[in-house]
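Note sheet for the following structure.
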Amino acid sequence: MELITLMVGTVLVNNVVLVKFLGLCPLMGVSNKFSTATGMGVATTFVLTLSCMSGWLIEHYILEPLNLQYLRIICFILVVAAVVQFTEMMIKKSSPLLHRTLGIFLPLITTNCAVLGVALINISEGFSFIESMTYGIGASIGFSLVLIMFAGLRERLALSEVPKTFAGTPVALVTAGILSMIFMGFGGLV
Amino acid sequence: MFLTIAVLTSLGLMLGFILGYADKIFAVEEDPLIKDVESMLPGTHCGQCGFTGCGSAAEAMVNGEADVTCCPPGGQVLAKSLADKLGVSADLSNLTSVPLTASVEESLCTGCCRCFRVCPTDAIVGANKQLHYVFKDACTGCGKCVTACPENCIALHQEEETLDNWHWPKPAVV
């Protein structure tokens with residue numbers, strides 16, 4: 001029950017993108033098309049969950065016993081980079097089409113601050129292994145949800161008449177802001 | 001300090017070994033012939049062959065799904081060298097060395113909209129029961145509209161030579 005609460009809380013109330021403002025780069029970069037956004041969401045979910053789990057293991061079995069907590073950030077970056085590389089190999093093997101459409105944004109998951117951010121939040125919140133895994137899955141579901149929702153909105157925005165001053169990224173940012181305000185409505189849920 | 005170096009080095013080595021092993025497992029086998037054929041094609045991804053780009057056209061040619069003569073910009077010379085490379089016979093007689101574009105015969109067009117739905121480059125404009133028109137700049141001469149037209153009013157024509165589109169003739173097969 002506690003885990004479900006944590007999950008719902010991470011997906012809706014403490015959404016990584018719209019409440020914590022992490023991972024805005026892929027939100028703007030890959031949200032032009034619905035199908036690409038879905039692929040990106042799945043890839044990020046995989047990377048985020050895996051890096052959360054390995055981050056927790058490294059923190060509690062290597063860094064803490066050796067009293068090397070100040071190496072946390074550099075170790076996590078190393079792990080995230082390796083996991084992204086692994087994901088890229090897997091996608092290249094299983095779905096060449098997705099690999100082609102994601103293009104440069106696939107290796108750029110490494111620099112997605114949501115991935116590193118969630119792994120670090122996990123440690124600072126003092127979660128257990130299962131909790132940190134749930135938190136990772138919840139955060140990535142929240143990220144994918146917003147990314148896919150935003151892609152749907154932007155597909156419609158592309159067809160509508162936007163004043164010239166606002167066309168393109170400005171109107172997308174305004175939309176993201178409104179979406180963020182909507183997510184504040186979930187505030188008292190958990 | 002030595003502990004720090006040891007930890008980071010061993011972590012890096014471990015991840016390196018895992019990735020190296022994963023690279024072996026997830027290795028993508030690619031026919032080296034596809035790369036060779038792709039490098040022979042013009043590489044402009046014009047789409048006249050009906051594939052999305054030269055890469056997918058090369059793959060189809062190697063798999064025998066596409067004819068070696070399907071690349072109009074390459075002309076006879078390319079078709080001949082591709083046929084030699086892949087060991088197939090090619091019928092060079094249909095290949096012209098000049099670019100073709102589609103045009104609508106206005107007296108026959110009924111405005112059925114079928115041609116512009118199949119056009120891969122959106123070169124045809126028009127509306128229901130309105131005369132259709134082909135933009136020559138966007139037309140790649142793929143011929144899809146010719147087969148789609150129920151009235152037989154679309155044909156591929158050689159473009160009239162002007163100072164803007166004149167070019168040296170392509171090398172012919174001796």
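Each chain of the structure tokens is named A, B, ... in the order shown, its residues numbered from 1; ligands are numbered from 1 in display order.
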- Task: Check every residue of chain A for an atom within 7 Å of chain B, counting only C-alpha atoms, and provide those that qualify as a PyMOL selection string.
- Result: chain A and resi 82+86+89-90+93
Pick out the residues sitting within 9 Å of range 159-170 of chain A, and hand them over as a PDB file with all heavy atoms, in the first residue's frame; count only C-alpha atoms, and ignore anything fewer than 5 positions along from it in its own chain.
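As a result, part-v7.pdb now contains:
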ATOM      1  N   MET A  28      11.084  19.284 -24.770  1.00  0.00           N
ATOM      2  CA  MET A  28      10.973  20.201 -25.908  1.00  0.00           C
ATOM      3  C   MET A  28      11.497  19.538 -27.187  1.00  0.00           C
ATOM      4  O   MET A  28      10.992  19.775 -28.270  1.00  0.00           O
ATOM      5  CB  MET A  28      11.792  21.475 -25.642  1.00  0.00           C
ATOM      6  CG  MET A  28      11.201  22.342 -24.582  1.00  0.00           C
ATOM      7  SD  MET A  28       9.606  22.963 -25.118  1.00  0.00           S
ATOM      8  CE  MET A  28       8.792  23.125 -23.561  1.00  0.00           C
ATOM      9  N   ARG A 154       1.227  19.119 -28.987  1.00  0.00           N
ATOM     10  CA  ARG A 154       2.021  19.837 -29.993  1.00  0.00           C
ATOM     11  C   ARG A 154       1.621  19.450 -31.402  1.00  0.00           C
ATOM     12  O   ARG A 154       1.733  20.255 -32.327  1.00  0.00           O
ATOM     13  CB  ARG A 154       3.509  19.571 -29.782  1.00  0.00           C
ATOM     14  CG  ARG A 154       4.075  20.460 -28.726  1.00  0.00           C
ATOM     15  CD  ARG A 154       5.558  20.335 -28.661  1.00  0.00           C
ATOM     16  NE  ARG A 154       6.221  21.291 -29.541  1.00  0.00           N
ATOM     17  CZ  ARG A 154       7.542  21.443 -29.572  1.00  0.00           C
ATOM     18  NH1 ARG A 154       8.300  20.712 -28.815  1.00  0.00           N
ATOM     19  NH2 ARG A 154       8.089  22.328 -30.368  1.00  0.00           N
ATOM     20  N   THR A 175       2.462  26.365 -23.230  1.00  0.00           N
ATOM     21  CA  THR A 175       1.641  25.172 -23.009  1.00  0.00           C
ATOM     22  C   THR A 175       2.175  24.340 -21.857  1.00  0.00           C
ATOM     23  O   THR A 175       1.411  23.849 -21.011  1.00  0.00           O
ATOM     24  CB  THR A 175       1.615  24.308 -24.284  1.00  0.00           C
ATOM     25  OG1 THR A 175       1.492  25.160 -25.401  1.00  0.00           O
ATOM     26  CG2 THR A 175       0.473  23.334 -24.257  1.00  0.00           C
TER      27      THR A 175
END
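Shell of Leu147 in chain A at 9 Å, with only C-alpha atoms counted and residues fewer than 2 places along the chain excluded, is A:Val17, A:Pro26, A:Leu27, A:Met28, A:Val30, A:Ser31, A:Phe34, A:Ala37, A:Thr38, A:Met40, A:Gly41, A:Gly142, A:Phe143, A:Ser144, A:Leu145, A:Met149, A:Phe150, A:Ala151, A:Gly152.
For Thr36 in chain A, the residues within 8 Å (counting only C-alpha atoms, excluding itself and residues fewer than 6 positions away along the chain) are A:Val30, A:Leu98, A:Thr101, A:Leu102.
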- Task: Show which residues sit within 6 Å of range 103-120 of chain B, as JSON, numbers by chain. Count only C-alpha atoms, and ignore same-chain residues fewer than 4 positions away.
- Result: {"B": [124, 128, 129, 130, 131, 134, 145, 148, 149, 153, 154, 155]}
- Message: One decimal, in Å: what's the spacing between CA of Ile123 in chain A and CA of Leu57 in chain A?
- Response: 10.4 Å
- For Gly50 in chain B, list every protein, DNA or RNA residue within 10 Å, evaluated using only C-alpha atoms, and leave out those in the same chain fewer than 4 positions away; present the list as a list in words.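 Near neighbours after the sequence-gap exclusion: Cys46, Ser56, Ala57, Ala66, Cys70, Cys71, Pro120, Cys142, Gly143 and Lys144 of chain B.
Remark: for Lys33 in chain A, the closest of the candidate residues A:Ile148, A:Ile121, A:Ile74, A:Met184 is A:Ile148 (distances computed over only C-alpha atoms).
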- Message: I want to know what sits within 10 Å of Cys52 in chain A, based on only C-alpha atoms, with residues of the same chain fewer than 3 positions away left out; could you give that as an MDAnalysis selection string?
- Response: chainID A and resid 47:49 55:58 76 79:80 115:123 129 132:137
- Residue set, range 113-153 of chain B restricted to helix (DSSP H, G or I), as a list in words: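 Residues of range 113-153 of chain B classed as helix (DSSP H, G or I): Arg114, Cys115, Phe116, Arg117, Val118, Lys144, Cys145, Val146, Thr147 and Ala148 of chain B.
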- Pairwise distance, CA of Thr140 in chain B with CA of Gln48 in chain B, equals 5.7 Å
- Expected answer as a VMD selection string: strand (DSSP E or B) residues in chain B: chain B and resid 100 to 104 124 to 125 133 to 134 154 to 158
What would the file look like if the residues just selected were written as a PDB file, in the first residue's frame with N, CA, C and O atoms?
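selection.pdb was written with the following content:
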ATOM      1  N   LEU B 100      12.592  12.909 -65.934  1.00  0.00           N
ATOM      2  CA  LEU B 100      11.212  13.026 -66.383  1.00  0.00           C
ATOM      3  C   LEU B 100      10.375  13.629 -65.264  1.00  0.00           C
ATOM      4  O   LEU B 100      10.631  13.388 -64.090  1.00  0.00           O
ATOM      5  N   THR B 101       9.367  14.400 -65.639  1.00  0.00           N
ATOM      6  CA  THR B 101       8.412  14.879 -64.631  1.00  0.00           C
ATOM      7  C   THR B 101       7.003  14.612 -65.139  1.00  0.00           C
ATOM      8  O   THR B 101       6.769  14.530 -66.343  1.00  0.00           O
ATOM      9  N   ALA B 102       6.074  14.501 -64.207  1.00  0.00           N
ATOM     10  CA  ALA B 102       4.697  14.215 -64.584  1.00  0.00           C
ATOM     11  C   ALA B 102       3.991  15.507 -64.982  1.00  0.00           C
ATOM     12  O   ALA B 102       4.341  16.595 -64.527  1.00  0.00           O
ATOM     13  N   SER B 103       2.983  15.363 -65.845  1.00  0.00           N
ATOM     14  CA  SER B 103       2.130  16.515 -66.114  1.00  0.00           C
ATOM     15  C   SER B 103       0.713  16.021 -66.373  1.00  0.00           C
ATOM     16  O   SER B 103       0.506  14.905 -66.835  1.00  0.00           O
ATOM     17  N   VAL B 104      -0.267  16.864 -66.039  1.00  0.00           N
ATOM     18  CA  VAL B 104      -1.667  16.481 -66.155  1.00  0.00           C
ATOM     19  C   VAL B 104      -2.225  17.011 -67.467  1.00  0.00           C
ATOM     20  O   VAL B 104      -2.063  18.195 -67.793  1.00  0.00           O
ATOM     21  N   ILE B 124       1.637  17.257 -56.304  1.00  0.00           N
ATOM     22  CA  ILE B 124       0.389  17.501 -57.026  1.00  0.00           C
ATOM     23  C   ILE B 124      -0.581  18.253 -56.115  1.00  0.00           C
ATOM     24  O   ILE B 124      -0.755  17.893 -54.942  1.00  0.00           O
ATOM     25  N   VAL B 125      -1.185  19.300 -56.647  1.00  0.00           N
ATOM     26  CA  VAL B 125      -2.202  20.008 -55.876  1.00  0.00           C
ATOM     27  C   VAL B 125      -3.539  19.860 -56.588  1.00  0.00           C
ATOM     28  O   VAL B 125      -3.607  19.531 -57.763  1.00  0.00           O
ATOM     29  N   TYR B 133      -2.819  19.846 -60.647  1.00  0.00           N
ATOM     30  CA  TYR B 133      -1.637  20.455 -61.247  1.00  0.00           C
ATOM     31  C   TYR B 133      -0.384  19.885 -60.607  1.00  0.00           C
ATOM     32  O   TYR B 133      -0.364  19.603 -59.406  1.00  0.00           O
ATOM     33  N   VAL B 134       0.638  19.677 -61.412  1.00  0.00           N
ATOM     34  CA  VAL B 134       1.895  19.123 -60.890  1.00  0.00           C
ATOM     35  C   VAL B 134       2.951  20.226 -60.799  1.00  0.00           C
ATOM     36  O   VAL B 134       3.183  20.935 -61.773  1.00  0.00           O
ATOM     37  N   ILE B 154      -2.354  11.434 -66.887  1.00  0.00           N
ATOM     38  CA  ILE B 154      -1.033  11.871 -66.435  1.00  0.00           C
ATOM     39  C   ILE B 154       0.029  11.117 -67.215  1.00  0.00           C
ATOM     40  O   ILE B 154      -0.084   9.912 -67.434  1.00  0.00           O
ATOM     41  N   ALA B 155       1.018  11.838 -67.687  1.00  0.00           N
ATOM     42  CA  ALA B 155       2.105  11.185 -68.393  1.00  0.00           C
ATOM     43  C   ALA B 155       3.416  11.804 -67.955  1.00  0.00           C
ATOM     44  O   ALA B 155       3.457  12.930 -67.470  1.00  0.00           O
ATOM     45  N   LEU B 156       4.475  11.012 -68.097  1.00  0.00           N
ATOM     46  CA  LEU B 156       5.794  11.537 -67.771  1.00  0.00           C
ATOM     47  C   LEU B 156       6.402  12.163 -69.020  1.00  0.00           C
ATOM     48  O   LEU B 156       6.364  11.564 -70.101  1.00  0.00           O
ATOM     49  N   HIS B 157       6.883  13.362 -68.853  1.00  0.00           N
ATOM     50  CA  HIS B 157       7.478  14.045 -69.991  1.00  0.00           C
ATOM     51  C   HIS B 157       8.891  14.466 -69.663  1.00  0.00           C
ATOM     52  O   HIS B 157       9.216  14.727 -68.515  1.00  0.00           O
ATOM     53  N   GLN B 158       9.647  14.568 -70.756  1.00  0.00           N
ATOM     54  CA  GLN B 158      10.967  15.133 -70.603  1.00  0.00           C
ATOM     55  C   GLN B 158      10.807  16.635 -70.401  1.00  0.00           C
ATOM     56  O   GLN B 158      10.006  17.272 -71.077  1.00  0.00           O
TER      57      GLN B 158
END
- Query: When you draw a straight line from CA of Asn165 in chain B to CA of Asn152 in chain B, how long is it in Å?
  - Reply: 27.6 Å
